[in-house]
Each structure stands twice: as C-alpha cells, then as structure tokens.
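Shown here: input16.txt, compact mmCIF, C-alpha atoms and all ligand atoms.
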# COMPACT_ATOMS: atom_id res chain seq x y z
CA MET G 982 -207.18 -62.66 193.20
CA ASN G 983 -208.64 -66.04 193.91
CA ASN G 984 -209.57 -67.19 190.43
CA GLU G 985 -209.28 -70.87 189.78
CA TRP G 986 -210.16 -73.53 187.24
CA LYS G 987 -212.08 -76.16 189.20
CA LEU G 988 -212.56 -79.72 187.96
CA GLU G 989 -214.56 -82.46 189.67
CA ILE G 990 -213.06 -85.93 189.58
CA ALA G 991 -215.21 -88.97 190.34
CA GLU G 992 -214.16 -90.92 193.44
CA TYR G 993 -211.58 -88.25 194.20
CA GLY G 994 -212.95 -84.73 194.64
CA ALA G 995 -212.14 -81.27 193.39
CA LEU G 996 -209.01 -80.38 191.50
CA ARG G 997 -208.27 -76.65 191.65
CA ILE G 998 -205.81 -75.03 189.28
CA CYS G 999 -204.71 -71.44 190.00
CA GLN G 1000 -205.48 -68.80 187.39
CA ALA G 1001 -201.99 -67.38 187.86
CA LEU G 1002 -200.49 -70.77 187.00
CA LEU G 1003 -202.67 -71.05 183.86
CA ASP G 1004 -201.53 -67.56 182.83
CA SER G 1005 -197.89 -68.53 183.38
CA LEU G 1006 -198.25 -71.71 181.32
CA ALA G 1007 -200.20 -69.90 178.57
CA ALA G 1008 -197.20 -67.59 178.15
CA PHE G 1009 -195.31 -70.55 176.64
CA CYS G 1010 -198.01 -71.22 174.05
CA GLN G 1011 -196.57 -71.75 170.56
CA LEU G 1012 -198.23 -69.08 168.43
CA GLU G 1013 -195.12 -68.26 166.37
CA LEU G 1014 -193.51 -70.76 164.01
CA SER G 1015 -190.17 -70.19 165.70
CA GLN G 1016 -191.40 -71.16 169.18
CA PRO G 1017 -190.34 -74.62 170.35
CA GLU G 1018 -192.25 -76.94 172.64
CA SER G 1019 -191.78 -76.13 176.31
CA GLY G 1020 -192.54 -78.17 179.36
CA GLY G 1021 -191.83 -79.05 182.92
CA VAL G 1022 -193.32 -80.36 186.10
CA LEU G 1023 -196.54 -79.40 187.90
CA VAL G 1024 -196.25 -78.65 191.61
CA GLY G 1025 -199.25 -78.69 193.91
CA LYS G 1026 -200.61 -79.26 197.38
CA HIS G 1027 -202.74 -82.10 198.72
CA LEU G 1028 -205.49 -80.28 200.63
CA ASN G 1029 -207.45 -81.25 203.69
CA SER G 1030 -210.38 -78.96 202.91
CA GLY G 1031 -211.75 -76.90 200.03
CA GLY G 1032 -210.78 -79.49 197.47
CA VAL G 1033 -208.43 -82.38 197.21
CA MET G 1034 -205.69 -80.94 195.04
CA LEU G 1035 -204.47 -77.43 194.36
CA ILE G 1036 -202.03 -77.03 191.50
CA ASP G 1037 -200.39 -73.66 191.95
CA ASP G 1038 -196.79 -73.91 190.79
CA PHE G 1039 -194.62 -75.36 188.03
CA THR G 1040 -191.09 -75.61 186.77
CA PRO G 1041 -190.28 -73.77 183.51
CA PRO G 1042 -188.02 -75.28 180.81
CA GLN G 1043 -184.47 -75.90 182.04
CA LEU G 1044 -181.23 -75.39 180.11
CA SER G 1045 -180.64 -79.14 180.01
CA ASP G 1046 -184.03 -79.82 178.38
CA LYS G 1047 -184.22 -80.43 174.63
CA GLN G 1048 -186.77 -78.16 172.97
CA ALA G 1049 -187.80 -78.49 169.29
CA ARG G 1050 -190.87 -77.32 167.34
CA CYS G 1051 -192.66 -80.67 167.72
CA SER G 1052 -190.85 -82.39 170.52
CA TYR G 1053 -189.72 -81.75 174.06
CA TYR G 1054 -187.41 -83.70 176.33
CA ARG G 1055 -187.65 -83.01 180.07
CA SER G 1056 -184.31 -83.33 181.83
CA GLU G 1057 -183.57 -84.47 185.37
CA ALA G 1058 -182.95 -80.82 186.38
CA HIS G 1059 -186.68 -80.48 187.16
CA ASN G 1060 -186.38 -82.98 190.01
CA ASN G 1061 -183.98 -80.70 191.89
CA LYS G 1062 -186.27 -77.70 191.37
CA VAL G 1063 -189.20 -79.66 192.82
CA LEU G 1064 -187.08 -80.75 195.77
CA ASP G 1065 -186.23 -77.07 196.46
CA LYS G 1066 -189.92 -76.14 196.36
CA TRP G 1067 -190.76 -79.06 198.64
CA LYS G 1068 -188.16 -77.92 201.20
CA GLU G 1069 -189.15 -74.24 200.99
CA SER G 1070 -192.81 -75.14 201.66
CA ASN G 1071 -192.01 -77.48 204.58
CA GLY G 1072 -193.17 -80.46 202.56
CA HIS G 1073 -196.50 -78.99 201.39
CA SER G 1074 -195.65 -78.41 197.72
CA THR G 1075 -194.88 -81.55 195.84
CA PHE G 1076 -194.70 -83.18 192.39
CA VAL G 1077 -198.24 -83.69 191.08
CA GLY G 1078 -197.86 -83.97 187.32
CA LEU G 1079 -196.35 -82.80 184.05
CA TRP G 1080 -197.02 -80.05 181.52
CA HIS G 1081 -195.86 -79.23 178.01
CA THR G 1082 -196.95 -77.24 174.98
CA HIS G 1083 -198.13 -78.29 171.52
CA PRO G 1084 -198.23 -76.28 168.27
CA GLU G 1085 -201.94 -77.03 167.71
CA ALA G 1086 -205.09 -75.15 168.73
CA THR G 1087 -206.76 -77.77 170.96
CA PRO G 1088 -204.08 -80.19 172.06
CA ASN G 1089 -204.24 -83.97 172.03
CA PHE G 1090 -201.62 -86.23 173.53
CA SER G 1091 -199.29 -88.14 171.21
CA ALA G 1092 -198.32 -91.80 171.58
CA GLN G 1093 -195.00 -90.55 173.01
CA ASP G 1094 -196.83 -88.34 175.53
CA ARG G 1095 -198.93 -91.28 176.67
CA LYS G 1096 -195.79 -93.37 177.13
CA ASP G 1097 -194.15 -90.55 179.10
CA TRP G 1098 -197.22 -90.12 181.33
CA ILE G 1099 -197.59 -93.84 182.02
CA ASN G 1100 -193.90 -94.01 182.79
CA ALA G 1101 -194.35 -91.16 185.29
CA LEU G 1102 -197.32 -92.93 186.90
CA LYS G 1103 -195.37 -96.17 187.21
CA ASN G 1104 -191.88 -94.98 188.07
CA SER G 1105 -191.92 -91.57 189.74
CA VAL G 1106 -192.36 -90.83 193.42
CA TYR G 1107 -195.63 -89.10 194.36
CA GLU G 1108 -198.39 -89.11 196.95
CA GLY G 1109 -201.55 -91.11 196.18
CA SER G 1110 -202.30 -92.88 192.90
CA ARG G 1111 -202.99 -89.95 190.57
CA LEU G 1112 -200.95 -87.51 188.50
CA PHE G 1113 -202.20 -84.60 186.38
CA PHE G 1114 -201.09 -83.85 182.84
CA ILE G 1115 -201.53 -80.50 181.14
CA ILE G 1116 -200.94 -79.70 177.48
CA VAL G 1117 -200.96 -76.03 176.49
CA GLY G 1118 -202.27 -75.61 172.95
CA GLN G 1119 -202.54 -72.38 170.94
CA THR G 1120 -206.13 -71.59 172.00
CA HIS G 1121 -206.91 -74.14 174.71
CA ILE G 1122 -205.25 -75.78 177.69
CA ARG G 1123 -206.34 -79.35 178.36
CA CYS G 1124 -205.94 -81.34 181.53
CA TRP G 1125 -205.90 -85.11 181.96
CA VAL G 1126 -205.75 -87.24 185.08
CA GLY G 1127 -203.75 -90.44 185.16
CA GLN G 1128 -204.43 -93.11 187.70
CA LYS G 1129 -202.34 -96.09 188.63
CA LYS G 1130 -204.41 -99.15 189.50
CA GLY G 1131 -202.01 -102.00 190.14
CA SER G 1132 -200.20 -102.72 186.89
CA ILE G 1133 -202.77 -100.81 184.81
CA SER G 1134 -202.60 -97.07 184.26
CA ASN G 1135 -205.66 -95.15 183.16
CA ILE G 1136 -205.61 -91.72 181.46
CA GLU G 1137 -208.75 -89.62 181.29
CA LEU G 1138 -209.47 -86.14 179.89
CA LEU G 1139 -210.83 -83.84 182.61
CA GLY G 1140 -211.59 -80.70 180.64
CA GLU G 1141 -210.34 -77.79 178.62
CA TYR G 1142 -209.75 -74.15 179.37
CA LYS G 1143 -209.88 -71.39 176.77
CA ILE G 1144 -206.81 -69.16 176.73
CA ILE G 1145 -207.85 -65.51 176.76
CA SER G 1146 -205.09 -63.51 175.11
CA ASP G 1147 -204.78 -59.84 175.84
ZN ZN M 1201 -196.88 -83.78 173.45

This structure in structure tokens:
Amino acid sequence: MNNEWKLEIAEYGALRICQALLDSLAAFCQLELSQPESGGVLVGKHLNSGGVMLIDDFTPPQLSDKQARCSYYRSEAHNNKVLDKWKESNGHSTFVGLWHTHPEATPNFSAQDRKDWINALKNSVYEGSRLFFIIVGQTHIRCWVGQKKGSISNIELLGEYKIISD
C-alpha cells in the first residue's frame, strides 16, 4: 500500500500525505451529534528525494486535552508524544503541523484556529519555515500550509480530500 495524497507547493516542492494517516484522521470525523472535536499534532519527515515532506504520523487526542462539540484545546501532552516519536525514529520523524476536526462538511478555519496556527508558526520549534494544518470535516479533509516570513505569517489553502466512508 503506497497510496498518498500529493500536493504541490510553489517554491517548496511536493507534500505527500499517507493514505493510512488520512484514514486514521477520518476516523475522528464528527458525524454524530455526540462526537466532540478531536485534534493533535502532525508528525512527518523532511525528505531528500521523492518529495520535500511526508506526513505519515500523528498524535491522537490526549486525556489532558479539552474536547467539546465546537471547540478543542490541545494540551502539552502532545509535545512528549512527539519527542518519543522523534527519538524512536533517530530524529527523522518530527513536528510538522497540527490537525483537528470540525462538525461541518467542508471545513473552514475559525478566527481561533488562525490564531492558534500563527502562534504555532511563531512560537513552536520546527525545521524550516513552514507548518501544515489539517481540518477533518464530515465529508472533506482540508490542508493548509502556513509560512513564517520574518514577523509575517501567511496561511494558504493547499487542497481538499474527499473522505470515502465504507
Ligand atoms: Zn477549528
């Protein structure tokens, strides 16, 4: 199984997102009224060939997160999970972005999401100048790229992926 969602980014290269990761994230999609927002961190690898970035792992919601129907708070517990993954992979797997779910078909980021993403771009530790942000809606997953250019942070929609439910 080598299925991937591939996105081309100008002045950067190819972003590849593993099908298995998309399936795992889609499992958190909020189809039932009782399901709260979920979220976590995206873990990926900076590649030397065959693309520039491969996102192939994530952290699921942690007990210390706060999950409600229309809000999600990501706790510090994710940082330790990412550190474990980094160590286990000899420094290949690292923090490359954030994900969360929304109770809407095709998701759009909220003002709070934008604030959270810009805060991550400005204040978190990562390689390069870009982070990736995924929102899992009820029928589509959307992916944005954020780029830090000096004091300005830019957020751009890269594409959307239709969730095939079985
Ligand atoms: Zn949101």

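The smallest atom-to-atom distance between G:Ala1049 and any of G:Leu1014, G:Ile1122, G:Leu1064, G:Ala995, using all atoms listed in the file, is found for G:Leu1014.
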
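Using all atoms listed in the file, the protein and nucleic acid residues lying no more than 7 Å from stretch 1026-1035 of chain G, apart from those fewer than 4 places from it along its own chain, are G:Gly994, G:Ala995, G:Leu996, G:Arg997, G:Ile998, G:His1073, G:Ser1074, G:Thr1075.
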
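Checking G:Arg1050, G:Lys1066, G:Lys1103, G:Arg1111 one by one against G:His1081, counting all atoms listed in the file, you find the shortest gap at G:Arg1050.
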
Checklist outcome for this item: atom CA of G:Asp1094 sits from atom ZN of ligand ZN 1201 (chain M) at a separation of 5.0 Å

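Ranking G:Arg1055, G:Asp1097, G:Ser1105, G:Pro1088 by their shortest atom-to-atom distance to G:Gly1140, with only C-alpha atoms included, puts G:Pro1088 first.
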
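Nearest to ligand ZN 1201 (chain M) of all the residues G:Gly1127, G:Gly1072, G:Pro1084, G:Gly1109 is G:Pro1084, based on all atoms listed in the file.
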
Item to check | Contacts of ligand ZN 1201 (chain M), 9 Å or closer, only C-alpha atoms and all ligand atoms, given as a VMD selection string | outcome: chain G and resid 1018 1051 to 1053 1080 to 1083 1088 to 1095 1116

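Across G:Asp1004, G:Asp1046, G:Glu1085, G:Glu992, the tightest approach to G:Ser1019 is made by G:Asp1046 when counting all atoms listed in the file.
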
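Closest to G:Lys1130 among G:Asp1065, G:Val1117, G:Tyr1142, G:Ser1110 is G:Ser1110, based on only C-alpha atoms.
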
Give me the residues within 8 Å of G:Leu1138 as a CSV table (one decimal) with C-alpha atoms, in the coordinates of the input, counting only C-alpha atoms and dropping any in the same chain fewer than 6 places off.
chain,number,residue,atom,x,y,z
G,1123,ARG,CA,-206.3,-79.4,178.4
G,1124,CYS,CA,-205.9,-81.3,181.5
G,1125,TRP,CA,-205.9,-85.1,182.0
G,1126,VAL,CA,-205.8,-87.2,185.1
